[in-house]
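Below is the file protein.tsv, which contains TSV, C-alpha atoms.
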chain	number	residue	atom	x	y	z
L	1	MET	CA	-20.96	11.18	16.29
L	2	SER	CA	-20.84	10.76	20.05
L	3	LEU	CA	-20.77	7.20	21.31
L	4	ALA	CA	-21.19	6.02	24.88
L	5	ARG	CA	-19.43	2.71	25.47
L	6	ILE	CA	-20.24	0.31	28.28
L	7	THR	CA	-18.06	-2.67	29.10
L	8	LEU	CA	-19.09	-5.05	31.88
L	9	SER	CA	-17.30	-8.14	33.01
L	10	ARG	CA	-19.51	-9.64	35.64
L	11	VAL	CA	-16.90	-9.61	37.20
L	12	GLY	CA	-47.21	1.50	0.17
L	13	PHE	CA	-45.16	3.02	2.61
L	14	CYS	CA	-46.32	5.11	5.52
L	15	ARG	CA	-44.27	6.39	8.39
L	16	GLY	CA	-45.22	5.98	12.03
L	17	PHE	CA	-43.57	7.75	14.93
L	18	ALA	CA	-41.88	5.76	17.68
L	19	ALA	CA	-43.40	7.72	20.53
L	20	ILE	CA	-45.77	5.95	22.89
L	21	SER	CA	-49.37	6.11	21.69
L	22	SER	CA	-52.73	4.81	22.84
L	23	SER	CA	-53.23	2.89	19.57
L	24	SER	CA	-50.39	0.48	20.23
L	25	PRO	CA	-51.02	-2.88	21.91
L	26	PRO	CA	-50.22	-2.86	25.63
L	27	ARG	CA	-46.71	-3.96	26.58
L	28	THR	CA	-46.50	-6.92	28.87
L	29	GLY	CA	-43.44	-7.94	30.83
L	30	THR	CA	-41.79	-4.54	30.45
L	31	VAL	CA	-38.82	-4.04	32.72
L	32	GLY	CA	-40.04	-0.78	34.24
L	33	PRO	CA	-42.60	2.02	34.14
L	34	TYR	CA	-40.82	4.13	31.53
L	35	GLN	CA	-42.56	4.36	28.15
L	36	VAL	CA	-40.58	6.86	26.08
L	37	PHE	CA	-40.72	4.91	22.82
L	38	ASP	CA	-43.53	2.98	21.19
L	39	ARG	CA	-41.79	-0.35	20.64
L	40	HIS	CA	-44.65	-1.64	18.47
L	41	VAL	CA	-44.27	1.25	16.02
L	42	LYS	CA	-40.48	0.92	16.09
L	43	ARG	CA	-40.76	-2.76	15.16
L	44	ILE	CA	-43.04	-1.87	12.23
L	45	GLN	CA	-40.54	0.74	11.04
L	46	LYS	CA	-37.68	-1.77	11.14
L	47	ASP	CA	-39.75	-4.46	9.40
L	48	GLN	CA	-40.66	-2.05	6.60
L	49	ALA	CA	-37.06	-0.91	6.16
L	50	ALA	CA	-35.81	-4.51	5.99
L	51	THR	CA	-38.30	-5.54	3.29
L	52	ARG	CA	-38.28	-2.52	0.96
L	53	ASP	CA	-36.53	-3.30	-2.33
L	54	GLY	CA	-35.50	-6.69	-1.01
L	55	GLY	CA	-33.61	-5.10	1.87
L	56	GLU	CA	-31.40	-2.92	-0.35
L	57	ARG	CA	-32.80	0.33	1.04
L	58	SER	CA	-31.84	-0.63	4.60
L	59	ARG	CA	-28.34	-1.65	3.50
L	60	THR	CA	-27.60	1.95	2.41
L	61	VAL	CA	-27.33	2.95	6.09
L	62	ASP	CA	-25.54	-0.17	7.32
L	63	TYR	CA	-22.23	1.67	7.25
L	64	VAL	CA	-22.94	3.38	10.60
L	65	ARG	CA	-23.51	0.18	12.53
L	66	GLU	CA	-20.76	-1.59	10.61
L	67	GLU	CA	-18.27	1.08	11.68
L	68	VAL	CA	-19.34	0.78	15.32
L	69	ALA	CA	-19.29	-3.03	15.07
L	70	ASP	CA	-15.69	-2.85	13.81
L	71	ARG	CA	-14.69	-0.73	16.82
L	72	MET	CA	-16.47	-3.10	19.20
L	73	MET	CA	-14.73	-6.09	17.62
L	74	GLU	CA	-11.34	-4.49	18.27
L	75	ARG	CA	-12.19	-4.44	21.97
L	76	PHE	CA	-13.69	-7.91	21.86
L	77	LEU	CA	-10.48	-9.31	20.41
L	78	ASP	CA	-8.54	-7.81	23.32
L	79	ILE	CA	-10.23	-10.37	25.58
L	80	LYS	CA	-8.07	-13.48	25.53
L	81	ARG	CA	-10.86	-15.98	25.93
L	82	LYS	CA	-12.80	-18.28	23.65
L	83	PHE	CA	-16.55	-18.31	24.27
L	84	ASN	CA	-18.84	-21.23	23.59
L	85	ALA	CA	-21.55	-18.78	22.51
L	86	VAL	CA	-22.07	-15.02	22.23
L	87	LEU	CA	-25.51	-13.39	22.51
L	88	ASP	CA	-25.97	-10.36	20.23
L	89	LEU	CA	-28.80	-8.29	21.77
L	90	GLY	CA	-30.62	-6.02	19.33
L	91	ALA	CA	-28.58	-7.69	16.61
L	92	GLY	CA	-30.48	-6.35	13.60
L	93	PRO	CA	-29.22	-8.22	10.52
L	94	GLY	CA	-26.00	-9.09	12.37
L	95	HIS	CA	-23.45	-6.32	11.90
L	96	PHE	CA	-21.36	-7.50	14.85
L	97	SER	CA	-22.20	-11.20	14.49
L	98	LYS	CA	-20.80	-11.29	10.95
L	99	LEU	CA	-17.38	-10.32	12.32
L	100	LEU	CA	-17.18	-13.24	14.74
L	101	GLU	CA	-14.71	-16.00	13.89
L	102	LEU	CA	-14.45	-19.59	15.04
L	103	ASP	CA	-11.30	-18.95	17.05
L	104	LYS	CA	-13.34	-16.69	19.38
L	105	THR	CA	-16.70	-18.47	19.55
L	106	ARG	CA	-18.55	-21.47	18.14
L	107	LYS	CA	-22.01	-19.90	18.02
L	108	CYS	CA	-23.81	-16.56	18.02
L	109	ILE	CA	-27.37	-16.07	19.31
L	110	MET	CA	-29.00	-13.07	17.62
L	111	VAL	CA	-31.94	-11.43	19.40
L	112	ASP	CA	-34.00	-8.64	17.85
L	113	ALA	CA	-37.56	-7.29	18.08
L	114	SER	CA	-37.86	-7.03	14.27
L	115	GLU	CA	-38.24	-10.47	12.70
L	116	LYS	CA	-37.78	-9.11	9.16
L	117	THR	CA	-34.53	-7.38	10.11
L	118	LEU	CA	-33.31	-10.43	12.01
L	119	HIS	CA	-33.72	-12.64	8.92
L	120	ARG	CA	-32.66	-10.07	6.30
L	121	ASP	CA	-29.28	-11.66	5.56
L	122	PRO	CA	-28.65	-15.41	4.97
L	123	ASP	CA	-26.60	-17.69	7.24
L	124	SER	CA	-23.96	-17.92	4.49
L	125	GLU	CA	-22.75	-14.43	5.43
L	126	PHE	CA	-21.72	-15.63	8.92
L	127	GLU	CA	-18.66	-17.69	9.78
L	128	VAL	CA	-20.01	-19.08	13.06
L	129	GLU	CA	-23.21	-21.02	13.76
L	130	ILE	CA	-26.21	-18.68	14.02
L	131	GLU	CA	-29.36	-18.95	16.12
L	132	ARG	CA	-32.00	-16.23	15.63
L	133	ILE	CA	-34.52	-15.37	18.34
L	134	HIS	CA	-37.36	-12.96	17.60
L	135	ALA	CA	-37.90	-11.20	20.94
L	136	GLU	CA	-37.97	-7.77	22.55
L	137	GLU	CA	-34.64	-6.52	23.84
L	138	GLU	CA	-36.54	-5.30	26.91
L	139	ASP	CA	-37.66	-8.88	27.70
L	140	LEU	CA	-34.28	-10.62	27.63
L	141	LEU	CA	-34.93	-12.81	30.67
L	142	GLN	CA	-38.05	-14.18	29.02
L	143	VAL	CA	-35.96	-15.85	26.30
L	144	VAL	CA	-32.74	-16.75	28.16
L	145	GLU	CA	-32.20	-18.21	31.60
L	146	PRO	CA	-30.43	-16.29	34.37
L	147	ASN	CA	-26.72	-17.09	34.71
L	148	SER	CA	-26.70	-18.76	31.29
L	149	GLN	CA	-24.66	-16.53	28.97
L	150	GLU	CA	-20.89	-16.31	28.69
L	151	ALA	CA	-20.92	-13.07	26.68
L	152	ILE	CA	-23.53	-10.51	25.61
L	153	VAL	CA	-22.86	-7.75	23.09
L	154	CYS	CA	-25.09	-4.90	21.97
L	155	CYS	CA	-24.28	-2.73	18.94
L	156	LEU	CA	-26.36	0.45	18.71
L	157	SER	CA	-29.77	-0.70	19.92
L	158	LEU	CA	-29.89	0.33	23.58
L	159	HIS	CA	-30.82	3.94	22.71
L	160	TRP	CA	-34.28	2.68	21.64
L	161	VAL	CA	-35.20	0.86	24.88
L	162	ASN	CA	-37.55	2.48	27.37
L	163	ASP	CA	-35.83	1.43	30.59
L	164	LEU	CA	-32.09	1.36	30.03
L	165	PRO	CA	-31.11	0.59	33.65
L	166	GLY	CA	-33.69	-2.22	33.69
L	167	VAL	CA	-32.28	-3.78	30.50
L	168	LEU	CA	-28.74	-3.56	31.88
L	169	ILE	CA	-29.91	-5.33	35.04
L	170	GLN	CA	-31.40	-8.11	32.91
L	171	ILE	CA	-28.12	-8.40	31.01
L	172	LYS	CA	-26.25	-8.67	34.29
L	173	GLU	CA	-28.64	-11.36	35.52
L	174	ALA	CA	-28.38	-13.31	32.25
L	175	LEU	CA	-24.58	-13.46	32.42
L	176	LYS	CA	-22.67	-16.24	34.08
L	177	PRO	CA	-20.17	-15.29	36.79
L	178	ASP	CA	-17.20	-13.65	35.06
L	179	GLY	CA	-19.35	-13.15	31.95
L	180	LEU	CA	-18.71	-10.32	29.52
L	181	PHE	CA	-20.96	-7.47	28.38
L	182	LEU	CA	-19.70	-5.20	25.61
L	183	GLY	CA	-21.98	-2.49	24.25
L	184	ALA	CA	-22.05	0.73	22.26
L	185	MET	CA	-24.80	3.32	22.09
L	186	PHE	CA	-25.37	6.88	20.93
L	187	GLY	CA	-24.35	9.40	23.59
L	188	GLY	CA	-25.99	12.65	24.68
L	189	GLU	CA	-24.17	14.91	22.21
L	190	THR	CA	-25.24	12.91	19.15
L	191	LEU	CA	-26.84	15.15	16.46
L	192	PHE	CA	-26.31	18.18	18.71
L	193	GLU	CA	-26.05	20.60	15.77
L	194	LEU	CA	-29.21	19.22	14.13
L	195	ARG	CA	-31.21	19.43	17.34
L	196	THR	CA	-30.02	22.98	17.96
L	197	ALA	CA	-30.89	24.07	14.42
L	198	LEU	CA	-34.37	22.55	14.66
L	199	GLN	CA	-35.02	24.21	18.00
L	200	LEU	CA	-33.87	27.65	16.84
L	201	ALA	CA	-35.94	27.43	13.67
L	202	GLU	CA	-39.05	26.30	15.52
L	203	VAL	CA	-38.74	29.03	18.16
L	204	GLU	CA	-38.43	31.62	15.39
L	205	ARG	CA	-41.39	30.32	13.37
L	206	GLU	CA	-43.69	28.77	15.97
L	207	GLY	CA	-42.77	30.49	19.23
L	208	GLY	CA	-41.91	27.19	20.95
L	209	ILE	CA	-40.18	23.87	20.50
L	210	SER	CA	-41.13	20.21	20.35
L	211	PRO	CA	-38.83	17.16	20.20
L	212	HIS	CA	-37.83	15.98	16.71
L	213	VAL	CA	-34.89	13.75	17.72
L	214	SER	CA	-35.00	10.85	20.16
L	215	PRO	CA	-33.63	11.57	23.65
L	216	MET	CA	-30.11	10.25	24.19
L	217	THR	CA	-28.33	8.99	27.28
L	218	GLY	CA	-26.60	12.01	28.75
L	219	GLU	CA	-24.18	10.35	31.14
L	220	LEU	CA	-22.21	7.14	31.02
L	221	ILE	CA	-23.85	4.48	33.18
L	222	ASP	CA	-21.67	2.44	35.49
L	223	PRO	CA	-23.12	-1.08	35.23
L	224	MET	CA	-21.35	-2.13	38.41
L	225	GLN	CA	-23.71	0.20	40.31
L	226	LEU	CA	-26.80	-1.67	39.07

Can you present the structure in this file as structure tokens?
Amino acid sequence: MSLARITLSRVGFCRGFAAISSSSPPRTGTVGPYQVFDRHVKRIQKDQAATRDGGERSRTVDYVREEVADRMMERFLDIKRKFNAVLDLGAGPGHFSKLLELDKTRKCIMVDASEKTLHRDPDSEFEVEIERIHAEEEDLLQVVEPNSQEAIVCCLSLHWVNDLPGVLIQIKEALKPDGLFLGAMFGGETLFELRTALQLAEVEREGGISPHVSPMTGELIDPMQL
């Protein structure tokens, strides 16, 4: 698995496809013109996954985000500060938030586009106070004020946003001076072997190729250039 890491100190089940389609409701307040993913369909997919079998089906794949959350927490603990609150953007059911302890922060604000995923796990699984906000990751500044957050973290959700530079700019604007952003996302070489195998097979059988895996960020983005 290839992971791109960004650290900024401002200092009946049916499957839909998360590609933009004319049947989805129009997006308002989007951060830019890029519409790679259909966020409406993606939200439906996440809601369905979080409610199937009482959420047990979605927990079978939690290990990926839990592993990345553990690695992020190691870096978070290297920062010798105590935050009044931490905002977990694209929190899902709270893989990173569950690792927070009271000696690092009093409160965690979880933001996610999927309401079912956001409320999948009870507050009893968290050590710190939890506030849950059902909102699009792409519309961060519609739910938090500029210069209001001490720390923002994002564990494996940025690869689904349409305008990554635009979301990073919103994160920068939401942070207080000397605020912290810590994030992890899938890098450009993720699932390289699978993508190659699919392309070779499709060329052999169909005479051409079509995308079967979401596009990944190819280069590390320097947030200080935003």

Ref. answer, residues at most 12 Å from (-10.6, -10.5, 19.8) with all atoms listed in the file, as a PDB file with C-alpha atoms, in the frame of the given file:
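Output (out.pdb):
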ATOM      1  CA  ASP L  70     -15.690  -2.850  13.810  1.00  0.00           C
ATOM      2  CA  ARG L  71     -14.690  -0.730  16.820  1.00  0.00           C
ATOM      3  CA  MET L  72     -16.470  -3.100  19.200  1.00  0.00           C
ATOM      4  CA  MET L  73     -14.730  -6.090  17.620  1.00  0.00           C
ATOM      5  CA  GLU L  74     -11.340  -4.490  18.270  1.00  0.00           C
ATOM      6  CA  ARG L  75     -12.190  -4.440  21.970  1.00  0.00           C
ATOM      7  CA  PHE L  76     -13.690  -7.910  21.860  1.00  0.00           C
ATOM      8  CA  LEU L  77     -10.480  -9.310  20.410  1.00  0.00           C
ATOM      9  CA  ASP L  78      -8.540  -7.810  23.320  1.00  0.00           C
ATOM     10  CA  ILE L  79     -10.230 -10.370  25.580  1.00  0.00           C
ATOM     11  CA  LYS L  80      -8.070 -13.480  25.530  1.00  0.00           C
ATOM     12  CA  ARG L  81     -10.860 -15.980  25.930  1.00  0.00           C
ATOM     13  CA  LYS L  82     -12.800 -18.280  23.650  1.00  0.00           C
ATOM     14  CA  PHE L  83     -16.550 -18.310  24.270  1.00  0.00           C
ATOM     15  CA  LEU L  99     -17.380 -10.320  12.320  1.00  0.00           C
ATOM     16  CA  LEU L 100     -17.180 -13.240  14.740  1.00  0.00           C
ATOM     17  CA  GLU L 101     -14.710 -16.000  13.890  1.00  0.00           C
ATOM     18  CA  LEU L 102     -14.450 -19.590  15.040  1.00  0.00           C
ATOM     19  CA  ASP L 103     -11.300 -18.950  17.050  1.00  0.00           C
ATOM     20  CA  LYS L 104     -13.340 -16.690  19.380  1.00  0.00           C
ATOM     21  CA  THR L 105     -16.700 -18.470  19.550  1.00  0.00           C
TER      22      THR L 105
END

Just the residues within 12 Å of Thr196 of chain L, please, counting only C-alpha atoms, with nothing from its chain fewer than 3 positions along; format it as a ChimeraX atom specification. /L:189-193,199-203,209-213

Need the shell around segment 128-144 of chain L: protein/DNA/RNA residues with any atom at most 7 Å away, counting all atoms listed in the file. Skip same-chain ones fewer than 2 positions apart. Format as a PyMOL selection string? chain L and resi 29-31+89-90+100-102+106-115+118+123+126+146+161+167+170+174

Would you tabulate, counting all atoms listed in the file, all residues of segment 70-171 of chain L that have an atom at most 12 Å from an atom of segment 52-59 of chain L, showing the closest pair of atoms and their distance in Å to one decimal, sorted by chain then ascending number, as JSON lines?
{"residue": "L:Gly92", "atom": "CA", "partner": "L:Ser58", "partner_atom": "CA", "distance": 10.8}
{"residue": "L:Pro93", "atom": "CA", "partner": "L:Arg59", "partner_atom": "CA", "distance": 9.7}
{"residue": "L:Gly94", "atom": "CA", "partner": "L:Arg59", "partner_atom": "CA", "distance": 11.8}
{"residue": "L:His95", "atom": "CA", "partner": "L:Arg59", "partner_atom": "CA", "distance": 10.8}
{"residue": "L:Lys116", "atom": "CA", "partner": "L:Gly55", "partner_atom": "CA", "distance": 9.3}
{"residue": "L:Thr117", "atom": "CA", "partner": "L:Gly55", "partner_atom": "CA", "distance": 8.6}
{"residue": "L:Leu118", "atom": "CA", "partner": "L:Gly55", "partner_atom": "CA", "distance": 11.5}
{"residue": "L:His119", "atom": "CA", "partner": "L:Gly55", "partner_atom": "CA", "distance": 10.3}
{"residue": "L:Arg120", "atom": "CA", "partner": "L:Gly55", "partner_atom": "CA", "distance": 6.7}
{"residue": "L:Asp121", "atom": "CA", "partner": "L:Gly55", "partner_atom": "CA", "distance": 8.7}
{"residue": "L:Pro122", "atom": "CA", "partner": "L:Gly55", "partner_atom": "CA", "distance": 11.9}

Rank L:Asp62, L:Glu125, L:Asp47, L:Glu150 by their smallest atom-to-atom distance to Pro177 of chain L, using only C-alpha atoms, and report the top residue only. L:Glu150

Between L:Cys154, L:Lys98, L:Glu127, L:Val86, which is the closest to Lys176 of chain L once you count all atoms listed in the file?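 The shortest atom-to-atom distance to Lys176 of chain L comes from L:Val86.
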
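Rounded to one decimal, atom CA of Gly179 of chain L and atom CA of Glu66 of chain L lie 24.3 Å from each other.
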
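Atom pair atom CA of Val68 of chain L / atom CA of His159 of chain L: separated by 14.0 Å.
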
Ranking L:Ala91, L:Ala49, L:Leu194, L:Ile171 by minimum distance to Arg65 of chain L and counting only C-alpha atoms, which one comes first?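 Closest residue, counting only C-alpha atoms: L:Ala91.
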
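Considering only C-alpha atoms, the residue among L:Ala69, L:Leu198, L:Ile169, L:Leu175 positioned nearest to Ser157 of chain L is L:Ala69.
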
Length of the atom CA of Phe96 of chain L to atom CA of Met185 of chain L vector [Å]: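 We find that atom CA of Phe96 of chain L and atom CA of Met185 of chain L lie 13.5 Å from each other.
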
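Selection around (-39.0, -0.4, 20.1) with radius 7 Å, counting all atoms listed in the file, yields the residues Phe37, Asp38, Arg39, His40, Val41, Lys42, Arg43, Trp160 and Val161 of chain L.
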
In terms of the shortest atom-to-atom distance over all atoms listed in the file, which of L:Ser97, L:Gly183, L:Leu156, L:Ile44 is closest to Leu168 of chain L?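 Looking at the shortest contact to Leu168 of chain L, the residue is L:Gly183.
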
Given only C-alpha atoms as the basis, pick out the residue of L:Thr51, L:Gln45, L:Ser214, L:Ala184 nearest to Cys155 of chain L.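 Comparing L:Thr51, L:Gln45, L:Ser214, L:Ala184 against Cys155 of chain L, the winner is L:Ala184.
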
Restrict the output to segment 143-171 of chain L and N, CA and C atoms, then write it as a tab-separated table (two decimals), in the first residue's frame.
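As a result, part.tsv now contains:
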chain	number	residue	atom	x	y	z
L	143	VAL	N	-19.27	24.77	7.74
L	143	VAL	CA	-19.64	24.24	9.07
L	143	VAL	C	-18.69	24.70	10.17
L	144	VAL	N	-17.54	25.24	9.81
L	144	VAL	CA	-16.63	25.81	10.82
L	144	VAL	C	-16.20	27.19	10.36
L	145	GLU	N	-15.89	28.03	11.31
L	145	GLU	CA	-15.47	29.40	11.01
L	145	GLU	C	-13.98	29.43	10.63
L	146	PRO	N	-13.59	30.37	9.78
L	146	PRO	CA	-12.15	30.55	9.51
L	146	PRO	C	-11.39	30.87	10.79
L	147	ASN	N	-10.16	30.43	10.84
L	147	ASN	CA	-9.27	30.69	11.99
L	147	ASN	C	-9.88	30.23	13.31
L	148	SER	N	-10.54	29.05	13.29
L	148	SER	CA	-11.24	28.60	14.50
L	148	SER	C	-10.72	27.28	15.06
L	149	GLN	N	-9.90	26.55	14.30
L	149	GLN	CA	-9.51	25.21	14.71
L	149	GLN	C	-8.04	25.15	15.10
L	150	GLU	N	-7.78	24.49	16.22
L	150	GLU	CA	-6.40	24.31	16.67
L	150	GLU	C	-5.71	23.18	15.90
L	151	ALA	N	-6.46	22.13	15.57
L	151	ALA	CA	-5.88	20.97	14.88
L	151	ALA	C	-6.94	20.30	14.02
L	152	ILE	N	-6.54	19.92	12.81
L	152	ILE	CA	-7.41	19.17	11.90
L	152	ILE	C	-6.64	17.94	11.43
L	153	VAL	N	-7.29	16.78	11.52
L	153	VAL	CA	-6.69	15.53	11.04
L	153	VAL	C	-7.60	14.92	9.99
L	154	CYS	N	-7.02	14.12	9.12
L	154	CYS	CA	-7.81	13.48	8.06
L	154	CYS	C	-7.19	12.13	7.75
L	155	CYS	N	-7.92	11.07	8.07
L	155	CYS	CA	-7.40	9.70	7.92
L	155	CYS	C	-8.10	8.99	6.76
L	156	LEU	N	-7.46	8.96	5.62
L	156	LEU	CA	-7.93	8.21	4.45
L	156	LEU	C	-9.32	8.62	3.97
L	157	SER	N	-9.52	9.90	3.73
L	157	SER	CA	-10.76	10.32	3.07
L	157	SER	C	-10.51	11.33	1.96
L	158	LEU	N	-9.33	11.93	1.92
L	158	LEU	CA	-9.05	12.95	0.91
L	158	LEU	C	-8.99	12.40	-0.51
L	159	HIS	N	-8.76	11.09	-0.68
L	159	HIS	CA	-8.69	10.54	-2.04
L	159	HIS	C	-10.05	10.51	-2.72
L	160	TRP	N	-11.14	10.77	-1.97
L	160	TRP	CA	-12.48	10.77	-2.55
L	160	TRP	C	-12.99	12.17	-2.87
L	161	VAL	N	-12.26	13.22	-2.53
L	161	VAL	CA	-12.75	14.58	-2.80
L	161	VAL	C	-12.45	14.95	-4.25
L	162	ASN	N	-13.26	15.84	-4.80
L	162	ASN	CA	-13.10	16.23	-6.19
L	162	ASN	C	-11.99	17.26	-6.39
L	163	ASP	N	-11.87	18.19	-5.47
L	163	ASP	CA	-10.88	19.26	-5.61
L	163	ASP	C	-9.95	19.24	-4.41
L	164	LEU	N	-8.91	18.42	-4.48
L	164	LEU	CA	-8.01	18.27	-3.34
L	164	LEU	C	-7.31	19.57	-2.97
L	165	PRO	N	-6.74	20.32	-3.92
L	165	PRO	CA	-6.13	21.60	-3.52
L	165	PRO	C	-7.14	22.54	-2.85
L	166	GLY	N	-8.38	22.55	-3.36
L	166	GLY	CA	-9.40	23.41	-2.76
L	166	GLY	C	-9.73	23.03	-1.34
L	167	VAL	N	-9.80	21.72	-1.05
L	167	VAL	CA	-10.08	21.27	0.32
L	167	VAL	C	-8.91	21.62	1.23
L	168	LEU	N	-7.69	21.46	0.75
L	168	LEU	CA	-6.53	21.81	1.56
L	168	LEU	C	-6.50	23.31	1.86
L	169	ILE	N	-6.93	24.12	0.91
L	169	ILE	CA	-7.01	25.57	1.16
L	169	ILE	C	-8.04	25.86	2.25
L	170	GLN	N	-9.18	25.17	2.20
L	170	GLN	CA	-10.20	25.35	3.24
L	170	GLN	C	-9.66	24.94	4.62
L	171	ILE	N	-8.91	23.84	4.65
L	171	ILE	CA	-8.31	23.39	5.91
L	171	ILE	C	-7.36	24.46	6.45
